[in-house]
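Structure data (mmCIF, C-alpha atoms and all ligand atoms) from run_39.cif:
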```
data_upload
#
loop_
_atom_site.group_PDB
_atom_site.id
_atom_site.type_symbol
_atom_site.label_atom_id
_atom_site.label_comp_id
_atom_site.auth_asym_id
_atom_site.auth_seq_id
_atom_site.Cartn_x
_atom_site.Cartn_y
_atom_site.Cartn_z
ATOM 1 C CA MET A 1 1.354 46.931 -33.304
ATOM 2 C CA ILE A 2 4.336 49.275 -32.949
ATOM 3 C CA ARG A 3 4.137 53.056 -32.974
ATOM 4 C CA LEU A 4 7.110 55.331 -32.363
ATOM 5 C CA GLU A 5 6.534 59.065 -32.054
ATOM 6 C CA GLN A 6 9.468 61.466 -32.053
ATOM 7 C CA ILE A 7 11.870 59.107 -30.286
ATOM 8 C CA HIS A 8 15.119 60.700 -29.113
ATOM 9 C CA LYS A 9 18.138 58.922 -27.679
ATOM 10 C CA THR A 10 21.461 60.366 -26.546
ATOM 11 C CA TYR A 11 24.326 58.342 -25.094
ATOM 12 C CA HIS A 12 26.151 60.073 -22.257
ATOM 13 C CA ASN A 13 29.206 57.925 -21.618
ATOM 14 C CA GLY A 14 31.891 60.204 -23.045
ATOM 15 C CA SER A 15 30.870 63.323 -24.948
ATOM 16 C CA PRO A 16 27.088 63.232 -25.527
ATOM 17 C CA LEU A 17 26.073 61.463 -28.740
ATOM 18 C CA HIS A 18 22.595 62.291 -30.027
ATOM 19 C CA VAL A 19 21.868 59.113 -32.020
ATOM 20 C CA LEU A 20 18.097 59.214 -32.577
ATOM 21 C CA LYS A 21 16.715 62.670 -33.307
ATOM 22 C CA GLY A 22 12.978 62.222 -33.588
ATOM 23 C CA VAL A 23 12.181 58.803 -35.047
ATOM 24 C CA ASP A 24 8.582 58.247 -36.185
ATOM 25 C CA LEU A 25 7.699 54.710 -37.247
ATOM 26 C CA GLU A 26 4.704 52.411 -37.444
ATOM 27 C CA ILE A 27 4.869 48.653 -37.891
ATOM 28 C CA GLY A 28 1.683 46.642 -38.319
ATOM 29 C CA LYS A 29 0.926 43.124 -37.179
ATOM 30 C CA GLY A 30 2.234 40.499 -39.582
ATOM 31 C CA GLU A 31 4.618 42.856 -41.353
ATOM 32 C CA LEU A 32 8.146 41.921 -42.407
ATOM 33 C CA VAL A 33 10.160 45.126 -42.155
ATOM 34 C CA SER A 34 13.841 45.794 -42.717
ATOM 35 C CA ILE A 35 15.860 48.653 -41.280
ATOM 36 C CA MET A 36 18.868 49.878 -43.247
ATOM 37 C CA GLY A 37 21.402 52.603 -42.582
ATOM 38 C CA ALA A 38 25.124 53.285 -42.456
ATOM 39 C CA SER A 39 27.249 51.763 -39.712
ATOM 40 C CA GLY A 40 26.755 53.831 -36.560
ATOM 41 C CA SER A 41 23.470 55.351 -37.775
ATOM 42 C CA GLY A 42 21.534 53.964 -34.797
ATOM 43 C CA LYS A 43 19.955 50.767 -36.162
ATOM 44 C CA SER A 44 20.856 48.664 -33.120
ATOM 45 C CA THR A 45 19.916 51.513 -30.794
ATOM 46 C CA LEU A 46 16.479 51.642 -32.399
ATOM 47 C CA LEU A 47 16.070 47.860 -32.248
ATOM 48 C CA ASN A 48 17.100 47.806 -28.583
ATOM 49 C CA ILE A 49 14.463 50.424 -27.806
ATOM 50 C CA LEU A 50 11.852 48.398 -29.718
ATOM 51 C CA GLY A 51 12.930 45.335 -27.723
ATOM 52 C CA ILE A 52 12.685 47.173 -24.389
ATOM 53 C CA LEU A 53 16.358 46.404 -23.811
ATOM 54 C CA ASP A 54 17.104 50.113 -23.629
ATOM 55 C CA ASP A 55 15.294 53.318 -22.622
ATOM 56 C CA TYR A 56 14.726 56.349 -24.793
ATOM 57 C CA ASP A 57 14.925 59.964 -23.622
ATOM 58 C CA SER A 58 11.800 61.549 -25.093
ATOM 59 C CA GLY A 59 8.905 60.745 -27.403
ATOM 60 C CA ASN A 60 6.505 57.827 -27.098
ATOM 61 C CA TYR A 61 6.720 54.132 -27.888
ATOM 62 C CA TYR A 62 3.446 52.217 -28.008
ATOM 63 C CA LEU A 63 3.502 48.427 -28.255
ATOM 64 C CA ASN A 64 -0.036 47.118 -28.755
ATOM 65 C CA ASP A 65 -1.337 50.447 -27.442
ATOM 66 C CA VAL A 66 0.667 50.115 -24.220
ATOM 67 C CA LEU A 67 3.010 53.053 -23.632
ATOM 68 C CA ILE A 68 6.492 51.605 -23.091
ATOM 69 C CA LYS A 69 8.092 54.328 -21.048
ATOM 70 C CA ASN A 70 9.680 54.670 -17.621
ATOM 71 C CA LEU A 71 8.968 51.010 -16.911
ATOM 72 C CA SER A 72 10.485 49.406 -13.835
ATOM 73 C CA GLU A 73 13.124 46.766 -14.567
ATOM 74 C CA THR A 74 10.638 44.066 -13.528
ATOM 75 C CA LYS A 75 7.866 45.382 -15.760
ATOM 76 C CA ALA A 76 10.261 45.819 -18.702
ATOM 77 C CA ALA A 77 11.485 42.236 -18.306
ATOM 78 C CA GLU A 78 7.920 40.977 -18.120
ATOM 79 C CA TYR A 79 6.886 42.688 -21.385
ATOM 80 C CA ARG A 80 10.122 41.630 -23.045
ATOM 81 C CA ASN A 81 9.730 37.971 -22.135
ATOM 82 C CA ARG A 82 6.066 37.867 -23.080
ATOM 83 C CA MET A 83 6.101 39.868 -26.304
ATOM 84 C CA ILE A 84 9.522 39.861 -27.927
ATOM 85 C CA GLY A 85 11.962 37.379 -29.418
ATOM 86 C CA PHE A 86 15.516 38.385 -30.327
ATOM 87 C CA VAL A 87 17.954 37.137 -32.939
ATOM 88 C CA PHE A 88 21.500 38.539 -33.070
ATOM 89 C CA GLN A 89 24.353 38.542 -35.579
ATOM 90 C CA SER A 90 26.599 36.667 -33.141
ATOM 91 C CA PHE A 91 23.843 34.140 -32.265
ATOM 92 C CA ASN A 92 24.290 34.681 -28.475
ATOM 93 C CA LEU A 93 23.901 30.999 -27.681
ATOM 94 C CA ILE A 94 25.108 29.711 -24.325
ATOM 95 C CA SER A 95 28.304 27.835 -25.115
ATOM 96 C CA PHE A 96 28.047 25.200 -22.384
ATOM 97 C CA LYS A 97 24.427 24.310 -23.111
ATOM 98 C CA ASN A 98 23.395 22.017 -25.946
ATOM 99 C CA ALA A 99 21.058 22.993 -28.798
ATOM 100 C CA MET A 100 17.940 21.704 -27.057
ATOM 101 C CA GLU A 101 18.755 23.518 -23.801
ATOM 102 C CA ASN A 102 19.478 26.744 -25.670
ATOM 103 C CA VAL A 103 16.135 26.592 -27.478
ATOM 104 C CA ALA A 104 14.312 25.774 -24.238
ATOM 105 C CA LEU A 105 15.825 28.673 -22.289
ATOM 106 C CA PRO A 106 12.952 31.221 -22.607
ATOM 107 C CA LEU A 107 10.571 28.643 -21.114
ATOM 108 C CA TYR A 108 12.836 28.308 -18.080
ATOM 109 C CA TYR A 109 12.061 31.957 -17.319
ATOM 110 C CA GLN A 110 8.360 31.156 -17.591
ATOM 111 C CA ASN A 111 8.734 28.415 -14.976
ATOM 112 C CA VAL A 112 7.807 25.620 -17.391
ATOM 113 C CA SER A 113 8.931 22.208 -16.123
ATOM 114 C CA ARG A 114 12.127 20.755 -17.558
ATOM 115 C CA LYS A 115 10.320 17.869 -19.227
ATOM 116 C CA LYS A 116 7.841 20.180 -21.001
ATOM 117 C CA ARG A 117 10.606 22.618 -21.939
ATOM 118 C CA ASN A 118 12.678 19.939 -23.571
ATOM 119 C CA MET A 119 9.706 18.434 -25.384
ATOM 120 C CA GLN A 120 8.763 21.776 -26.883
ATOM 121 C CA ALA A 121 12.381 22.550 -27.732
ATOM 122 C CA MET A 122 12.562 19.255 -29.646
ATOM 123 C CA GLU A 123 9.461 20.241 -31.628
ATOM 124 C CA TYR A 124 11.055 23.518 -32.676
ATOM 125 C CA LEU A 125 14.365 21.836 -33.467
ATOM 126 C CA GLU A 126 12.480 19.419 -35.697
ATOM 127 C CA LYS A 127 10.784 22.338 -37.489
ATOM 128 C CA MET A 128 14.232 23.827 -38.123
ATOM 129 C CA GLY A 129 15.539 20.496 -39.402
ATOM 130 C CA LEU A 130 17.967 20.220 -36.491
ATOM 131 C CA LYS A 131 16.527 17.380 -34.437
ATOM 132 C CA GLU A 132 19.612 15.212 -34.826
ATOM 133 C CA HIS A 133 21.720 18.063 -33.439
ATOM 134 C CA ALA A 134 19.727 18.434 -30.216
ATOM 135 C CA LEU A 135 22.568 17.279 -27.980
ATOM 136 C CA HIS A 136 25.327 19.184 -29.764
ATOM 137 C CA LEU A 137 27.028 22.195 -28.245
ATOM 138 C CA PRO A 138 27.100 25.447 -30.262
ATOM 139 C CA SER A 139 30.825 24.904 -30.958
ATOM 140 C CA GLU A 140 29.905 21.700 -32.806
ATOM 141 C CA LEU A 141 27.504 23.479 -35.174
ATOM 142 C CA SER A 142 27.897 25.611 -38.301
ATOM 143 C CA GLY A 143 26.964 29.294 -38.381
ATOM 144 C CA GLY A 144 23.717 28.597 -40.219
ATOM 145 C CA GLN A 145 22.777 25.881 -37.729
ATOM 146 C CA LYS A 146 23.542 28.206 -34.808
ATOM 147 C CA GLN A 147 21.330 30.907 -36.277
ATOM 148 C CA ARG A 148 18.493 28.432 -36.834
ATOM 149 C CA ILE A 149 18.818 27.447 -33.172
ATOM 150 C CA ALA A 150 18.676 31.115 -32.193
ATOM 151 C CA ILE A 151 15.527 31.531 -34.306
ATOM 152 C CA ALA A 152 13.949 28.472 -32.653
ATOM 153 C CA ARG A 153 14.817 29.979 -29.272
ATOM 154 C CA ALA A 154 13.196 33.272 -30.290
ATOM 155 C CA LEU A 155 10.035 31.457 -31.399
ATOM 156 C CA ILE A 156 9.533 29.047 -28.521
ATOM 157 C CA ALA A 157 7.930 31.532 -26.133
ATOM 158 C CA ARG A 158 5.459 32.506 -28.910
ATOM 159 C CA PRO A 159 6.322 36.208 -28.916
ATOM 160 C CA GLN A 160 4.274 38.740 -30.863
ATOM 161 C CA ILE A 161 7.275 40.132 -32.643
ATOM 162 C CA ILE A 162 10.789 39.020 -33.534
ATOM 163 C CA LEU A 163 13.595 41.576 -33.708
ATOM 164 C CA ALA A 164 16.670 40.450 -35.613
ATOM 165 C CA ASP A 165 19.861 42.540 -35.569
ATOM 166 C CA GLU A 166 21.973 41.684 -38.640
ATOM 167 C CA PRO A 167 20.875 38.012 -38.450
ATOM 168 C CA THR A 168 22.822 37.138 -41.596
ATOM 169 C CA GLY A 169 25.810 39.383 -40.884
ATOM 170 C CA ALA A 170 28.101 36.531 -39.864
ATOM 171 C CA LEU A 171 27.037 34.083 -42.578
ATOM 172 C CA ASP A 172 28.146 33.395 -46.152
ATOM 173 C CA SER A 173 25.680 34.369 -48.865
ATOM 174 C CA LYS A 174 24.178 30.898 -49.391
ATOM 175 C CA THR A 175 23.621 30.400 -45.656
ATOM 176 C CA SER A 176 22.314 33.973 -45.379
ATOM 177 C CA GLN A 177 19.667 33.164 -47.949
ATOM 178 C CA GLU A 178 18.697 29.987 -46.076
ATOM 179 C CA VAL A 179 18.274 31.947 -42.854
ATOM 180 C CA MET A 180 16.314 34.645 -44.705
ATOM 181 C CA ASP A 181 14.058 31.962 -46.244
ATOM 182 C CA LEU A 182 13.401 30.651 -42.753
ATOM 183 C CA LEU A 183 12.539 34.122 -41.435
ATOM 184 C CA LYS A 184 10.184 34.675 -44.377
ATOM 185 C CA GLU A 185 8.516 31.347 -43.613
ATOM 186 C CA VAL A 186 8.073 32.385 -39.973
ATOM 187 C CA ASN A 187 6.538 35.663 -41.212
ATOM 188 C CA ARG A 188 4.167 33.792 -43.565
ATOM 189 C CA GLU A 189 2.892 31.917 -40.518
ATOM 190 C CA GLY A 190 1.865 35.292 -39.074
ATOM 191 C CA MET A 191 4.831 36.527 -37.047
ATOM 192 C CA THR A 192 5.740 40.212 -37.173
ATOM 193 C CA LEU A 193 9.431 40.595 -37.949
ATOM 194 C CA VAL A 194 11.875 43.494 -37.927
ATOM 195 C CA VAL A 195 15.247 42.765 -39.516
ATOM 196 C CA VAL A 196 18.197 45.139 -39.336
ATOM 197 C CA THR A 197 20.568 44.607 -42.228
ATOM 198 C CA HIS A 198 23.102 46.477 -44.307
ATOM 199 C CA GLU A 199 22.647 44.080 -47.214
ATOM 200 C CA ARG A 200 20.323 45.394 -49.895
ATOM 201 C CA ASP A 201 19.735 41.834 -51.202
ATOM 202 C CA ILE A 202 18.308 40.866 -47.814
ATOM 203 C CA ALA A 203 16.259 44.042 -47.364
ATOM 204 C CA THR A 204 14.572 43.778 -50.776
ATOM 205 C CA GLN A 205 13.001 40.481 -49.646
ATOM 206 C CA THR A 206 10.955 42.272 -46.964
ATOM 207 C CA ASN A 207 7.640 44.185 -47.258
ATOM 208 C CA LYS A 208 9.198 47.544 -46.616
ATOM 209 C CA ILE A 209 12.621 49.062 -46.086
ATOM 210 C CA VAL A 210 13.001 51.762 -43.480
ATOM 211 C CA HIS A 211 16.113 53.897 -43.994
ATOM 212 C CA ILE A 212 17.719 55.572 -40.983
ATOM 213 C CA LYS A 213 19.813 58.618 -41.771
ATOM 214 C CA ASP A 214 21.081 61.463 -39.603
ATOM 215 C CA GLY A 215 19.077 60.210 -36.642
ATOM 216 C CA ILE A 216 15.684 60.103 -38.321
ATOM 217 C CA ILE A 217 13.749 57.871 -40.725
ATOM 218 C CA GLY A 218 14.946 59.331 -44.004
ATOM 219 C CA SER A 219 12.649 57.325 -46.259
ATOM 220 C CA VAL A 220 10.503 54.210 -46.404
ATOM 221 C CA GLU A 221 10.384 51.974 -49.483
ATOM 222 C CA ILE A 222 7.184 49.963 -49.777
ATOM 223 C CA LEU A 223 8.020 46.837 -51.772
ATOM 224 C CA ARG A 224 4.977 44.580 -51.636
HETATM 225 P P1 LIG B 1 24.344 50.771 -35.903
HETATM 226 O O1 LIG B 1 23.683 49.566 -35.326
HETATM 227 O O2 LIG B 1 23.507 51.464 -36.945
HETATM 228 O O3 LIG B 1 25.710 50.494 -36.425
HETATM 229 P P2 LIG B 1 24.367 51.718 -33.167
HETATM 230 O O4 LIG B 1 22.949 51.928 -32.783
HETATM 231 O O5 LIG B 1 25.020 50.505 -32.664
HETATM 232 O O6 LIG B 1 24.514 51.863 -34.749
HETATM 233 O O7 LIG B 1 25.220 52.958 -32.676
HETATM 234 C C1 LIG B 1 24.916 54.289 -33.005
HETATM 235 C C2 LIG B 1 25.980 55.211 -32.394
HETATM 236 O O8 LIG B 1 25.860 55.180 -30.987
HETATM 237 C C3 LIG B 1 27.400 54.773 -32.712
HETATM 238 O O9 LIG B 1 28.185 55.926 -32.884
HETATM 239 C C4 LIG B 1 27.807 53.999 -31.481
HETATM 240 O O10 LIG B 1 29.191 54.083 -31.277
HETATM 241 C C5 LIG B 1 27.049 54.711 -30.383
HETATM 242 N N1 LIG B 1 26.659 53.819 -29.270
HETATM 243 C C6 LIG B 1 25.959 52.673 -29.376
HETATM 244 N N2 LIG B 1 25.725 52.116 -28.170
HETATM 245 C C7 LIG B 1 26.330 52.947 -27.271
HETATM 246 C C8 LIG B 1 26.448 52.932 -25.840
HETATM 247 N N3 LIG B 1 25.916 51.957 -25.112
HETATM 248 N N4 LIG B 1 27.126 53.943 -25.270
HETATM 249 C C9 LIG B 1 27.658 54.949 -26.005
HETATM 250 N N5 LIG B 1 27.580 55.018 -27.340
HETATM 251 C C10 LIG B 1 26.917 54.035 -27.981
HETATM 252 MG MG MG B 2 24.254 47.591 -35.172
#
```
Would you give me this structure, written as C-alpha cells?
Ligand code: ADP
Ligand code: MG
Amino acid sequence: MIRLEQIHKTYHNGSPLHVLKGVDLEIGKGELVSIMGASGSGKSTLLNILGILDDYDSGNYYLNDVLIKNLSETKAAEYRNRMIGFVFQSFNLISFKNAMENVALPLYYQNVSRKKRNMQAMEYLEKMGLKEHALHLPSELSGGQKQRIAIARALIARPQIILADEPTGALDSKTSQEVMDLLKEVNREGMTLVVVTHERDIATQTNKIVHIKDGIIGSVEILR
C-alpha cells in the first residue's frame, strides 16, 4: 500500500536541517505499524509526508502505486481527503463544535448533506460508546473521550489508512491502553494503521516497530 524509496527532507527556515536522509519503508494493507525514535528524529516529518501534508525533496513515495510527488495543492487535498485519516496527540478538535459536528466534519468536505452527516456521525459515536456525549463540546470531555472522537472523525470518511502521531501522548496509562485497544480493534476490522509513539509498551502491541535513527530507518522489529 505504501512504498517509500530514498526519501529525503531538509527544512530551510533557519540553517538547513537535513531530517530524513534516505528513508526506505514498505507498509502493506491491513498492517498495524509503529514508528519509534528519539525526540526530533523526524517521526512527525515522516508521518506528514505519508499523509501528504508535507512535500519531500527527493526519492519516491507510492501510495497504492500512485506516485505522490509534485502534486498540486488541489490534487494533494483530494488524495488526502479520500485516502487518509489523521489522529493527533493534541486531538485537534474544533472547540466550538460539539462531538457530533466534529466527527461529521470530513463529510462536510465531501459535500454530504447535513442530515446524512449527522446520522453517520451518530453511528460512529455509538461505536465509540460516546452517543450520550454527542452534543457536548470538547471542553466538556475527558482526554480519552476526545481521542475517541478524533478516531471516529478519522474513520468516518472510510480512509484506506489512518496515521496517528503520538495518539496516547497526552493520556494517562490506563486511558492510553483504552485508546490503543480501540486502534487495534479498528485494525482488526481491516484498517491499515501507522502509529508514531515513544512508548515501548504501545509499540510492542503493533505488528512491527520501525525505528528511525540519524535520518534513516535504523531497524525494523517484526513482532507478529
Ligand atoms: P519528531 O516527531 O521525531 O520529534 P519532527 O519530525 O517533529 O521530529 O522534527 C524533526 C526535526 O525537524 C526537529 O529538529 C524539528 O525541530 C525540525 N522541524 C520539524 N518541523 C519543522 C519545520 N516546519 N521547520 C523547520 N524545522 C522543523
Ligand atoms: Mg513528533
Problem set entry | Given the PyMOL selection byres (((chain A and resi 112-126) around 12) and not hetatm), the residues it picks as JSON, numbers by chain | {"A": [98, 99, 100, 101, 102, 103, 104, 105, 106, 107, 108, 109, 110, 111, 127, 128, 129, 130, 131, 132, 133, 134, 135, 136, 145, 146, 147, 148, 149, 150, 151, 152, 153, 154, 155, 156, 157, 158, 186]}
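A straight line drawn from atom CA of Phe86 of chain A to atom CA of Val33 of chain A is 14.6 Å long.
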For this session: Using the chain letters and residue numbers of this document, give as a PyMOL selection string the residues selected by the PyMOL selection byres (((chain A and resi 64-78) around 8) and not hetatm).
Result: chain A and resi 1-2+52-53+55-56+60-63+79-82
For this session: Give me the result of the PyMOL selection byres (((chain A and resi 59) around 10) and not hetatm) on this file, residue by residue, as a PyMOL selection string.
Result: chain A and resi 4-9+21-24+56-58+60-61+69
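Of the listed residues A:Asp201, A:Asp165, A:Glu221, A:Asp54, the one whose atoms come nearest to ligand MG 2 (chain B) is A:Asp165, with distances taken using only C-alpha atoms and all ligand atoms.
Counting all atoms listed in the file and comparing A:Asn187, A:Gln89, A:Thr10, A:Gln205, the residue that lies closest to ligand MG 2 (chain B) is A:Gln89.
Of the listed residues A:Ile216, A:Met191, A:Val196, A:Ala203, the one whose atoms come nearest to ligand LIG 1 (chain B) is A:Val196, with distances taken using all atoms listed in the file.
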For this session: Write as a PyMOL selection string the residues around ligand LIG 1 (chain B), taking 7 Å as the cut-off and counting all atoms listed in the file.
Result: chain A and resi 11-13+17+19+37-46
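Ranking A:Gly85, A:Pro16, A:Gly51, A:Pro167 by their shortest atom-to-atom distance to ligand MG 2 (chain B), with only C-alpha atoms and all ligand atoms included, puts A:Pro167 first.
Atom CA of Val194 of chain A is positioned 10.0 Å from atom CA of Val210 of chain A.
The gap separating atom CA of Ile35 of chain A from atom CA of Glu199 of chain A is 10.1 Å, in Å to one decimal.
All residues that come within 8 Å of the coordinates (2.7, 42.2, -47.1), counting all atoms listed in the file, are given as Gly30, Glu31, Leu32, Asn207 and Arg224 of chain A.
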Output file for the selection above: C-alpha atoms, as a PDB file, in the coordinates of the input:
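Generated file (out_8.pdb):
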```
ATOM      1  CA  GLY A  30       2.234  40.499 -39.582  1.00  0.00           C
ATOM      2  CA  GLU A  31       4.618  42.856 -41.353  1.00  0.00           C
ATOM      3  CA  LEU A  32       8.146  41.921 -42.407  1.00  0.00           C
ATOM      4  CA  ASN A 207       7.640  44.185 -47.258  1.00  0.00           C
ATOM      5  CA  ARG A 224       4.977  44.580 -51.636  1.00  0.00           C
TER       6      ARG A 224
END
```
Exercise. Of the candidates A:Lys174, A:His198, A:Lys97, A:Lys208, which shows the shortest atom-to-atom distance to Gly28 of chain A, using only C-alpha atoms?
Worked result: A:Lys208
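Using only C-alpha atoms and all ligand atoms, the shortest contact distance between ligand MG 2 (chain B) and any of A:Val195, A:Lys29, A:Thr175, A:Ser95 is found at A:Val195.
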